[in-house]
>>> print(open('start-v5.cif').read())   # mmCIF, C-alpha atoms
data_start
loop_
_atom_site.group_PDB
_atom_site.id
_atom_site.type_symbol
_atom_site.label_atom_id
_atom_site.label_comp_id
_atom_site.auth_asym_id
_atom_site.auth_seq_id
_atom_site.Cartn_x
_atom_site.Cartn_y
_atom_site.Cartn_z
ATOM 1 C CA MET A 6 0.000 0.000 0.000
ATOM 2 C CA HIS A 7 1.423 3.345 -1.038
ATOM 3 C CA PHE A 8 1.163 6.110 1.558
ATOM 4 C CA THR A 9 2.138 9.733 2.056
ATOM 5 C CA LYS A 10 3.070 11.138 5.453
ATOM 6 C CA MET A 11 1.846 14.755 5.794
ATOM 7 C CA GLN A 12 1.564 17.264 8.613
ATOM 8 C CA GLY A 13 -0.079 20.575 9.440
ATOM 9 C CA ILE A 14 1.901 22.312 12.216
ATOM 10 C CA GLY A 15 2.860 18.940 13.636
ATOM 11 C CA ASN A 16 -0.587 17.308 13.485
ATOM 12 C CA ASP A 17 0.579 14.393 11.330
ATOM 13 C CA TYR A 18 -1.378 11.705 9.525
ATOM 14 C CA VAL A 19 -0.700 8.854 7.155
ATOM 15 C CA TYR A 20 -2.561 9.539 3.896
ATOM 16 C CA VAL A 21 -3.699 6.964 1.379
ATOM 17 C CA ASN A 22 -5.041 7.780 -2.088
ATOM 18 C CA GLY A 23 -8.364 5.948 -2.056
ATOM 19 C CA PHE A 24 -8.810 6.646 -5.766
ATOM 20 C CA ALA A 25 -5.971 4.205 -6.428
ATOM 21 C CA GLU A 26 -5.729 2.052 -3.265
ATOM 22 C CA LYS A 27 -8.213 -0.098 -1.337
ATOM 23 C CA VAL A 28 -7.761 -0.134 2.448
ATOM 24 C CA ARG A 29 -9.471 -3.354 3.503
ATOM 25 C CA ASP A 30 -9.634 -2.719 7.251
ATOM 26 C CA PRO A 31 -9.110 1.010 7.911
ATOM 27 C CA GLU A 32 -9.662 0.748 11.677
ATOM 28 C CA ARG A 33 -6.927 -1.862 12.067
ATOM 29 C CA THR A 34 -4.715 -0.103 9.555
ATOM 30 C CA ALA A 35 -5.038 3.195 11.440
ATOM 31 C CA VAL A 36 -3.786 1.597 14.662
ATOM 32 C CA ARG A 37 -0.909 -0.090 12.868
ATOM 33 C CA VAL A 38 0.370 2.829 10.807
ATOM 34 C CA SER A 39 -0.040 5.363 13.635
ATOM 35 C CA ASP A 40 2.318 3.503 15.973
ATOM 36 C CA ARG A 41 5.434 5.660 16.295
ATOM 37 C CA HIS A 42 7.669 2.711 17.214
ATOM 38 C CA PHE A 43 6.385 -0.194 15.117
ATOM 39 C CA GLY A 44 4.516 1.655 12.358
ATOM 40 C CA ILE A 45 4.930 4.764 10.247
ATOM 41 C CA GLY A 46 3.962 7.107 13.059
ATOM 42 C CA GLY A 47 1.135 9.632 13.143
ATOM 43 C CA ASP A 48 -2.009 10.898 14.807
ATOM 44 C CA GLY A 49 -4.124 8.653 12.604
ATOM 45 C CA LEU A 50 -5.008 7.564 9.081
ATOM 46 C CA ILE A 51 -6.733 9.668 6.418
ATOM 47 C CA ILE A 52 -8.040 8.113 3.208
ATOM 48 C CA ILE A 53 -8.628 10.487 0.281
ATOM 49 C CA ALA A 54 -11.636 8.946 -1.449
ATOM 50 C CA PRO A 55 -14.025 9.696 -4.332
ATOM 51 C CA SER A 56 -17.115 11.755 -3.539
ATOM 52 C CA GLU A 57 -20.417 12.413 -5.271
ATOM 53 C CA LYS A 58 -20.797 15.712 -3.391
ATOM 54 C CA ALA A 59 -17.336 17.271 -3.615
ATOM 55 C CA ASP A 60 -13.968 17.068 -5.348
ATOM 56 C CA CYS A 61 -12.991 14.325 -2.913
ATOM 57 C CA ALA A 62 -13.884 12.876 0.478
ATOM 58 C CA MET A 63 -11.788 12.694 3.654
ATOM 59 C CA GLN A 64 -12.183 9.472 5.628
ATOM 60 C CA MET A 65 -10.443 9.975 8.955
ATOM 61 C CA TYR A 66 -9.433 7.446 11.615
ATOM 62 C CA ASN A 67 -7.806 8.289 14.933
ATOM 63 C CA ALA A 68 -4.706 6.543 16.256
ATOM 64 C CA ASP A 69 -6.895 4.132 18.256
ATOM 65 C CA GLY A 70 -8.848 3.146 15.129
ATOM 66 C CA SER A 71 -11.985 5.111 15.956
ATOM 67 C CA ALA A 72 -13.577 7.153 13.172
ATOM 68 C CA GLY A 73 -13.175 10.924 13.263
ATOM 69 C CA LYS A 74 -15.609 13.379 11.732
ATOM 70 C CA MET A 75 -13.303 16.292 10.988
ATOM 71 C CA CYS A 76 -9.711 17.484 11.322
ATOM 72 C CA GLY A 77 -8.753 21.031 10.409
ATOM 73 C CA ASN A 78 -5.056 20.317 9.966
ATOM 74 C CA GLY A 79 -5.777 17.046 8.206
ATOM 75 C CA ILE A 80 -8.116 18.590 5.657
ATOM 76 C CA ARG A 81 -5.509 21.205 4.678
ATOM 77 C CA CYS A 82 -3.168 18.344 3.844
ATOM 78 C CA VAL A 83 -5.921 16.640 1.831
ATOM 79 C CA ALA A 84 -6.224 19.845 -0.191
ATOM 80 C CA LYS A 85 -2.470 19.924 -0.736
ATOM 81 C CA TYR A 86 -2.378 16.282 -1.824
ATOM 82 C CA VAL A 87 -5.129 16.522 -4.445
ATOM 83 C CA CYS A 88 -3.820 19.842 -5.806
ATOM 84 C CA ASP A 89 -0.169 18.783 -5.889
ATOM 85 C CA HIS A 90 -1.099 15.518 -7.650
ATOM 86 C CA GLY A 91 -3.226 17.246 -10.299
ATOM 87 C CA MET A 92 -6.474 15.701 -9.070
ATOM 88 C CA VAL A 93 -7.980 19.192 -8.765
ATOM 89 C CA SER A 94 -7.145 22.267 -10.817
ATOM 90 C CA GLY A 95 -7.194 25.843 -9.624
ATOM 91 C CA ASN A 96 -6.948 27.154 -6.095
ATOM 92 C CA ASP A 97 -10.427 26.362 -4.799
ATOM 93 C CA LEU A 98 -11.861 22.951 -3.985
ATOM 94 C CA THR A 99 -14.396 21.124 -1.833
ATOM 95 C CA VAL A 100 -13.873 18.147 0.475
ATOM 96 C CA GLU A 101 -16.622 15.939 1.858
ATOM 97 C CA THR A 102 -16.310 15.034 5.556
ATOM 98 C CA LEU A 103 -18.594 13.422 8.120
ATOM 99 C CA SER A 104 -19.344 16.954 9.340
ATOM 100 C CA GLY A 105 -20.311 18.228 5.888
ATOM 101 C CA VAL A 106 -18.673 19.537 2.728
ATOM 102 C CA LYS A 107 -15.884 22.033 3.444
ATOM 103 C CA LYS A 108 -14.667 24.747 1.063
ATOM 104 C CA ILE A 109 -10.920 25.320 0.849
ATOM 105 C CA HIS A 110 -8.750 27.946 -0.825
ATOM 106 C CA VAL A 111 -5.069 27.139 -1.301
ATOM 107 C CA GLU A 112 -2.020 29.321 -1.848
ATOM 108 C CA LYS A 113 0.808 27.881 -3.942
ATOM 109 C CA GLY A 114 4.529 28.507 -4.007
ATOM 110 C CA PRO A 115 6.730 29.265 -7.029
ATOM 111 C CA ASP A 116 6.953 25.536 -7.768
ATOM 112 C CA GLY A 117 3.165 25.273 -8.055
ATOM 113 C CA LYS A 118 2.879 23.217 -4.866
ATOM 114 C CA VAL A 119 0.438 24.160 -2.112
ATOM 115 C CA VAL A 120 2.019 25.977 0.827
ATOM 116 C CA THR A 121 -0.960 27.107 2.894
ATOM 117 C CA ALA A 122 -4.704 26.562 2.870
ATOM 118 C CA THR A 123 -7.704 28.404 4.260
ATOM 119 C CA VAL A 124 -10.618 26.211 5.294
ATOM 120 C CA ASP A 125 -14.174 27.425 5.791
ATOM 121 C CA MET A 126 -14.900 25.406 8.908
ATOM 122 C CA GLY A 127 -18.562 26.452 9.054
ATOM 123 C CA ALA A 128 -20.412 27.885 12.025
ATOM 124 C CA PRO A 129 -19.632 26.697 15.556
ATOM 125 C CA VAL A 130 -22.357 24.524 17.077
ATOM 126 C CA LEU A 131 -23.366 25.705 20.547
ATOM 127 C CA ARG A 132 -26.576 23.775 21.207
ATOM 128 C CA PRO A 133 -25.732 21.203 23.921
ATOM 129 C CA SER A 134 -27.679 18.324 22.356
ATOM 130 C CA GLU A 135 -25.799 18.795 19.077
ATOM 131 C CA ILE A 136 -22.286 18.980 20.583
ATOM 132 C CA PRO A 137 -23.267 16.619 22.352
ATOM 133 C CA VAL A 138 -23.067 17.518 26.049
ATOM 134 C CA LEU A 139 -25.175 16.288 28.938
ATOM 135 C CA PHE A 140 -25.771 18.978 31.558
ATOM 136 C CA ARG A 141 -28.223 20.215 34.139
ATOM 137 C CA ARG A 142 -29.321 23.676 35.149
ATOM 138 C CA SER A 143 -28.467 25.024 38.582
ATOM 139 C CA GLY A 144 -30.920 23.679 41.128
ATOM 140 C CA SER A 145 -31.873 20.661 39.031
ATOM 141 C CA ALA A 146 -31.879 17.289 40.735
ATOM 142 C CA GLU A 147 -30.451 15.458 37.707
ATOM 143 C CA LYS A 148 -27.140 13.785 38.457
ATOM 144 C CA ILE A 149 -25.110 14.916 35.475
ATOM 145 C CA PRO A 150 -21.621 16.323 36.190
ATOM 146 C CA LEU A 151 -21.835 19.514 34.121
ATOM 147 C CA VAL A 152 -23.785 22.304 35.783
ATOM 148 C CA PHE A 153 -24.705 25.446 33.869
ATOM 149 C CA ASP A 154 -26.289 28.538 35.339
ATOM 150 C CA GLY A 155 -26.461 30.758 32.245
ATOM 151 C CA PRO A 156 -29.456 31.804 30.124
ATOM 152 C CA ALA A 157 -31.833 29.004 29.161
ATOM 153 C CA GLU A 158 -31.103 29.184 25.426
ATOM 154 C CA GLY A 159 -27.495 30.348 25.572
ATOM 155 C CA PRO A 160 -24.285 28.443 24.826
ATOM 156 C CA LEU A 161 -22.558 26.456 27.543
ATOM 157 C CA THR A 162 -20.161 29.244 28.500
ATOM 158 C CA GLY A 163 -18.649 28.850 31.950
ATOM 159 C CA GLY A 164 -20.365 25.586 32.817
ATOM 160 C CA LEU A 165 -19.031 23.856 35.932
ATOM 161 C CA LEU A 166 -17.691 20.381 35.150
ATOM 162 C CA THR A 167 -16.938 17.881 37.920
ATOM 163 C CA LEU A 168 -14.346 15.249 37.026
ATOM 164 C CA SER A 169 -13.976 11.735 38.379
ATOM 165 C CA ASP A 170 -11.414 12.875 40.969
ATOM 166 C CA GLY A 171 -13.745 15.584 42.279
ATOM 167 C CA THR A 172 -11.983 18.459 40.500
ATOM 168 C CA GLU A 173 -14.329 21.238 39.342
ATOM 169 C CA THR A 174 -13.499 23.234 36.214
ATOM 170 C CA ARG A 175 -15.226 26.043 34.324
ATOM 171 C CA VAL A 176 -15.612 25.001 30.676
ATOM 172 C CA THR A 177 -17.084 26.217 27.402
ATOM 173 C CA CYS A 178 -18.377 23.507 25.065
ATOM 174 C CA VAL A 179 -18.388 23.896 21.273
ATOM 175 C CA SER A 180 -18.672 21.588 18.285
ATOM 176 C CA MET A 181 -16.752 22.233 15.074
ATOM 177 C CA GLY A 182 -18.046 19.015 13.520
ATOM 178 C CA ASN A 183 -16.518 17.232 16.511
ATOM 179 C CA PRO A 184 -17.004 18.026 20.217
ATOM 180 C CA HIS A 185 -14.687 20.320 22.173
ATOM 181 C CA CYS A 186 -14.345 21.380 25.794
ATOM 182 C CA VAL A 187 -12.411 24.663 26.160
ATOM 183 C CA ILE A 188 -10.759 25.619 29.450
ATOM 184 C CA PHE A 189 -9.197 29.032 30.047
ATOM 185 C CA THR A 190 -6.460 28.906 32.669
ATOM 186 C CA ASP A 191 -3.895 31.231 34.231
ATOM 187 C CA THR A 192 -1.522 28.290 34.703
ATOM 188 C CA PRO A 193 0.970 28.202 31.798
ATOM 189 C CA VAL A 194 -0.320 25.430 29.562
ATOM 190 C CA LYS A 195 3.191 24.044 29.085
ATOM 191 C CA GLU A 196 3.190 23.145 32.804
ATOM 192 C CA LEU A 197 -0.018 21.080 32.680
ATOM 193 C CA LYS A 198 0.273 17.298 33.054
ATOM 194 C CA LEU A 199 -1.996 16.374 30.145
ATOM 195 C CA MET A 200 -1.220 12.661 30.348
ATOM 196 C CA GLU A 201 -2.884 12.684 33.773
ATOM 197 C CA ILE A 202 -5.769 15.098 33.307
ATOM 198 C CA GLY A 203 -6.579 14.643 29.601
ATOM 199 C CA PRO A 204 -8.240 11.210 29.936
ATOM 200 C CA MET A 205 -10.471 12.448 32.758
ATOM 201 C CA TYR A 206 -11.983 15.067 30.467
ATOM 202 C CA GLU A 207 -12.136 12.767 27.442
ATOM 203 C CA HIS A 208 -14.138 10.134 29.318
ATOM 204 C CA ALA A 209 -16.214 12.387 31.614
ATOM 205 C CA ALA A 210 -19.848 11.282 31.879
ATOM 206 C CA ALA A 211 -21.018 14.660 30.555
ATOM 207 C CA PHE A 212 -19.625 13.797 27.110
ATOM 208 C CA PRO A 213 -21.457 10.804 25.576
ATOM 209 C CA GLU A 214 -19.209 10.746 22.482
ATOM 210 C CA ARG A 215 -16.037 11.616 24.426
ATOM 211 C CA ILE A 216 -14.466 15.053 23.972
ATOM 212 C CA ASN A 217 -11.461 16.953 22.662
ATOM 213 C CA THR A 218 -10.154 19.243 25.405
ATOM 214 C CA GLU A 219 -8.281 22.516 24.887
ATOM 215 C CA PHE A 220 -6.331 24.239 27.680
ATOM 216 C CA VAL A 221 -5.845 27.922 26.862
ATOM 217 C CA ASN A 222 -3.783 30.917 27.990
ATOM 218 C CA VAL A 223 -5.080 34.264 26.717
ATOM 219 C CA LEU A 224 -1.974 36.305 25.858
ATOM 220 C CA SER A 225 -3.748 39.341 24.371
ATOM 221 C CA ARG A 226 -6.959 40.314 22.596
ATOM 222 C CA THR A 227 -5.532 38.830 19.381
ATOM 223 C CA HIS A 228 -3.319 35.972 20.596
ATOM 224 C CA VAL A 229 -3.878 32.788 22.611
ATOM 225 C CA ARG A 230 -1.763 29.740 23.379
ATOM 226 C CA MET A 231 -3.246 26.251 23.726
ATOM 227 C CA ARG A 232 -2.514 22.582 24.234
ATOM 228 C CA VAL A 233 -4.975 19.880 23.276
ATOM 229 C CA TRP A 234 -5.922 16.397 24.372
ATOM 230 C CA GLU A 235 -7.704 14.714 21.455
ATOM 231 C CA ARG A 236 -10.160 11.881 21.901
ATOM 232 C CA GLY A 237 -8.715 8.710 20.446
ATOM 233 C CA SER A 238 -5.218 10.133 19.959
ATOM 234 C CA GLY A 239 -4.104 11.760 23.215
ATOM 235 C CA GLU A 240 -2.014 14.920 23.158
ATOM 236 C CA THR A 241 -1.191 16.141 19.663
ATOM 237 C CA LEU A 242 1.022 19.017 18.549
ATOM 238 C CA ALA A 243 -1.945 20.779 16.968
ATOM 239 C CA CYS A 244 -5.694 20.597 16.417
ATOM 240 C CA GLY A 245 -7.359 22.765 13.784
ATOM 241 C CA THR A 246 -10.940 22.213 14.909
ATOM 242 C CA GLY A 247 -9.723 22.819 18.472
ATOM 243 C CA ALA A 248 -8.214 26.173 17.488
ATOM 244 C CA CYS A 249 -11.553 27.135 15.944
ATOM 245 C CA ALA A 250 -13.463 26.013 19.041
ATOM 246 C CA VAL A 251 -11.085 28.067 21.201
ATOM 247 C CA THR A 252 -11.701 31.117 19.026
ATOM 248 C CA ALA A 253 -15.458 30.748 19.375
ATOM 249 C CA ALA A 254 -15.196 30.230 23.132
ATOM 250 C CA ALA A 255 -12.862 33.206 23.558
ATOM 251 C CA VAL A 256 -15.174 35.520 21.606
ATOM 252 C CA LEU A 257 -18.237 34.301 23.528
ATOM 253 C CA ALA A 258 -16.432 34.953 26.802
ATOM 254 C CA GLU A 259 -15.335 38.396 25.519
ATOM 255 C CA LYS A 260 -11.681 37.499 25.984
ATOM 256 C CA THR A 261 -10.491 38.165 22.403
ATOM 257 C CA GLU A 262 -11.346 39.771 19.103
ATOM 258 C CA ARG A 263 -12.869 37.680 16.323
ATOM 259 C CA ARG A 264 -9.594 37.441 14.375
ATOM 260 C CA ILE A 265 -6.764 35.863 16.388
ATOM 261 C CA THR A 266 -3.542 33.879 16.240
ATOM 262 C CA VAL A 267 -3.701 30.524 17.999
ATOM 263 C CA SER A 268 -0.276 29.236 19.040
ATOM 264 C CA LEU A 269 0.063 25.478 19.501
ATOM 265 C CA PRO A 270 3.131 23.348 20.245
ATOM 266 C CA GLY A 271 3.488 22.627 16.515
ATOM 267 C CA GLY A 272 3.062 26.199 15.271
ATOM 268 C CA ASP A 273 0.529 28.965 14.690
ATOM 269 C CA LEU A 274 -2.878 29.078 13.027
ATOM 270 C CA ALA A 275 -4.720 32.220 11.912
ATOM 271 C CA VAL A 276 -8.403 31.955 12.842
ATOM 272 C CA HIS A 277 -11.216 34.366 12.025
ATOM 273 C CA TRP A 278 -14.835 34.063 13.202
ATOM 274 C CA ASP A 279 -16.533 36.072 10.475
ATOM 275 C CA GLU A 280 -19.384 38.113 11.879
ATOM 276 C CA THR A 281 -21.263 38.353 8.577
ATOM 277 C CA SER A 282 -21.376 34.672 7.607
ATOM 278 C CA GLY A 283 -21.066 33.275 11.114
ATOM 279 C CA HIS A 284 -18.440 30.875 9.785
ATOM 280 C CA ILE A 285 -14.956 30.311 11.162
ATOM 281 C CA LEU A 286 -12.049 30.492 8.697
ATOM 282 C CA MET A 287 -8.772 28.775 9.566
ATOM 283 C CA THR A 288 -5.480 29.332 7.730
ATOM 284 C CA GLY A 289 -2.295 27.322 8.158
ATOM 285 C CA PRO A 290 0.456 25.372 6.397
ATOM 286 C CA ALA A 291 0.317 21.907 4.841
ATOM 287 C CA VAL A 292 3.516 19.911 4.389
ATOM 288 C CA THR A 293 4.455 16.607 2.734
ATOM 289 C CA VAL A 294 6.990 14.755 4.896
ATOM 290 C CA PHE A 295 7.713 11.599 2.901
ATOM 291 C CA GLU A 296 6.150 8.829 0.826
ATOM 292 C CA GLY A 297 6.593 5.089 0.993
ATOM 293 C CA GLU A 298 5.179 1.590 0.732
ATOM 294 C CA ILE A 299 3.894 -0.603 3.536
ATOM 295 C CA ASN A 300 2.670 -4.208 3.453
ATOM 296 C CA ASP A 301 -1.070 -4.016 4.148
ATOM 297 C CA GLU A 302 -1.295 -7.760 4.740
ATOM 298 C CA ASN A 303 0.159 -7.746 8.298
#
>>> encode(input="start-v5.cif", output="structure tokens")
Amino acid sequence: MHFTKMQGIGNDYVYVNGFAEKVRDPERTAVRVSDRHFGIGGDGLIIIAPSEKADCAMQMYNADGSAGKMCGNGIRCVAKYVCDHGMVSGNDLTVETLSGVKKIHVEKGPDGKVVTATVDMGAPVLRPSEIPVLFRRSGSAEKIPLVFDGPAEGPLTGGLLTLSDGTETRVTCVSMGNPHCVIFTDTPVKELKLMEIGPMYEHAAAFPERINTEFVNVLSRTHVRMRVWERGSGETLACGTGACAVTAAAVLAEKTERRITVSLPGGDLAVHWDETSGHILMTGPAVTVFEGEINDEN
């Protein structure tokens, strides 16, 4: 099986051209190729497949083999792959994902290869049942460990989440096609022990489909720093949908402007929550690391 290793600010995946290759067991293959010691190494597997709705489809699998709906860094690399390989002409394309068809605009270098891409990530989803998040209002007798005391129809900004160890944390929950729990903290995010606390958020009872969790320092009105614990993959160097969720949460909490730089361990993303369309636009690099062949029989 031919593969291409690609990364967007360190969020790396193994890509397979599904137009030319058949991946017989993508869940098993994702686990195998993602292993950084015995496989190729990556945050998961992405198959670039034919689509009846768009120029191509992105089929994403996390490092544990579970299916993923959307990946902002991953989809930029999909755009680079299909443009660099002549599968799409021009600088604008569409990609089908499990969270809908996404529009992408690419910028190319002097060699004609894609350098950066801007993805229309759509509007953030704030309705709890659609994130999904289980919660109760203050004073309710329901035993669900996310308490919210805001307006009845408002987003879950500043909800109080109780973890399995009894820790209580203020969170904002957003979906960008996949669920996110955003936590603003004064503790430098580089000091957080994500290997210990990340799984408690991912598997908290309030999140029936598990959760991606972002820990955020607000540096200024136009700049934040974050680390992320992704469901199914653990800590990754970057998360595009997470950066978009952080932007939405920061604007809702009146902590930043609508156009910000999000700094992650792997690099920076430019994110803009457009007030007119209501959509979030994310811009960042896409890089091919190497190509190779792997025996898909084992």
>>> closest_atom_pairs(input="start-v5.cif", of="stretch 181-284 of chain A", to="stretch 74-77 of chain A", cutoff="7 Å", atoms="all atoms listed in the file", output="JSON lines")
{"residue": "A:Gly182", "atom": "CA", "partner": "A:Met75", "partner_atom": "CA", "distance": 6.0}
{"residue": "A:Asn183", "atom": "CA", "partner": "A:Lys74", "partner_atom": "CA", "distance": 6.2}
{"residue": "A:Cys244", "atom": "CA", "partner": "A:Gly77", "partner_atom": "CA", "distance": 6.8}
{"residue": "A:Gly245", "atom": "CA", "partner": "A:Gly77", "partner_atom": "CA", "distance": 4.0}
{"residue": "A:Thr246", "atom": "CA", "partner": "A:Gly77", "partner_atom": "CA", "distance": 5.1}
>>> closest_residue(input="start-v5.cif", among="A:Lys58, A:Arg215, A:Arg236, A:Lys10", to="A:Ser39", atoms="all atoms listed in the file")
A:Lys10
>>> closest_residue(input="start-v5.cif", among="A:Lys107, A:His7, A:Arg232, A:Arg263", to="A:Ile299", atoms="all atoms listed in the file")
A:His7
>>> atom_distance(input="start-v5.cif", atom1="atom CA of A:Thr9", atom2="atom CA of A:Glu296")
4.3 Å
>>> resolve_selection(input="start-v5.cif", expression="the PyMOL selection byres ((chain A and resi 121-124) around 8)", output="PyMOL selection string")
chain A and resi 77+81+84-85+107-113+119-120+125-126+286-291
>>> closest_residue(input="start-v5.cif", among="A:Asn67, A:Thr227, A:Ser169, A:Asn22", to="A:Tyr86", atoms="all atoms listed in the file")
A:Asn22
>>> closest_residue(input="start-v5.cif", among="A:Glu26, A:Glu32, A:Glu262, A:Glu101", to="A:Met63", atoms="all atoms listed in the file")
A:Glu101
>>> build_atoms(input="start-v5.cif", residues="stretch 46-59 of chain A", atoms="N, CA and C atoms", output="tab-separated table (two decimals), in the coordinates of the input")
chain	number	residue	atom	x	y	z
A	46	GLY	N	4.01	6.04	12.07
A	46	GLY	CA	3.96	7.11	13.06
A	46	GLY	C	3.05	8.23	12.63
A	47	GLY	N	2.04	8.55	13.47
A	47	GLY	CA	1.14	9.63	13.14
A	47	GLY	C	-0.01	9.70	14.13
A	48	ASP	N	-0.83	10.72	13.96
A	48	ASP	CA	-2.01	10.90	14.81
A	48	ASP	C	-3.22	10.14	14.27
A	49	GLY	N	-3.03	9.43	13.16
A	49	GLY	CA	-4.12	8.65	12.60
A	49	GLY	C	-3.93	8.40	11.12
A	50	LEU	N	-4.99	7.91	10.50
A	50	LEU	CA	-5.01	7.56	9.08
A	50	LEU	C	-6.08	8.39	8.39
A	51	ILE	N	-5.75	8.95	7.23
A	51	ILE	CA	-6.73	9.67	6.42
A	51	ILE	C	-6.71	9.09	5.01
A	52	ILE	N	-7.88	8.64	4.55
A	52	ILE	CA	-8.04	8.11	3.21
A	52	ILE	C	-8.70	9.19	2.35
A	53	ILE	N	-8.07	9.52	1.23
A	53	ILE	CA	-8.63	10.49	0.28
A	53	ILE	C	-9.43	9.70	-0.74
A	54	ALA	N	-10.75	9.83	-0.69
A	54	ALA	CA	-11.64	8.95	-1.45
A	54	ALA	C	-12.51	9.73	-2.43
A	55	PRO	N	-13.08	9.04	-3.42
A	55	PRO	CA	-14.02	9.70	-4.33
A	55	PRO	C	-15.26	10.18	-3.58
A	56	SER	N	-15.91	11.20	-4.13
A	56	SER	CA	-17.11	11.76	-3.54
A	56	SER	C	-18.09	12.15	-4.62
A	57	GLU	N	-19.37	11.96	-4.35
A	57	GLU	CA	-20.42	12.41	-5.27
A	57	GLU	C	-20.85	13.84	-4.96
A	58	LYS	N	-20.37	14.39	-3.82
A	58	LYS	CA	-20.80	15.71	-3.39
A	58	LYS	C	-19.71	16.77	-3.53
A	59	ALA	N	-18.46	16.33	-3.65
A	59	ALA	CA	-17.34	17.27	-3.62
A	59	ALA	C	-16.22	16.76	-4.50
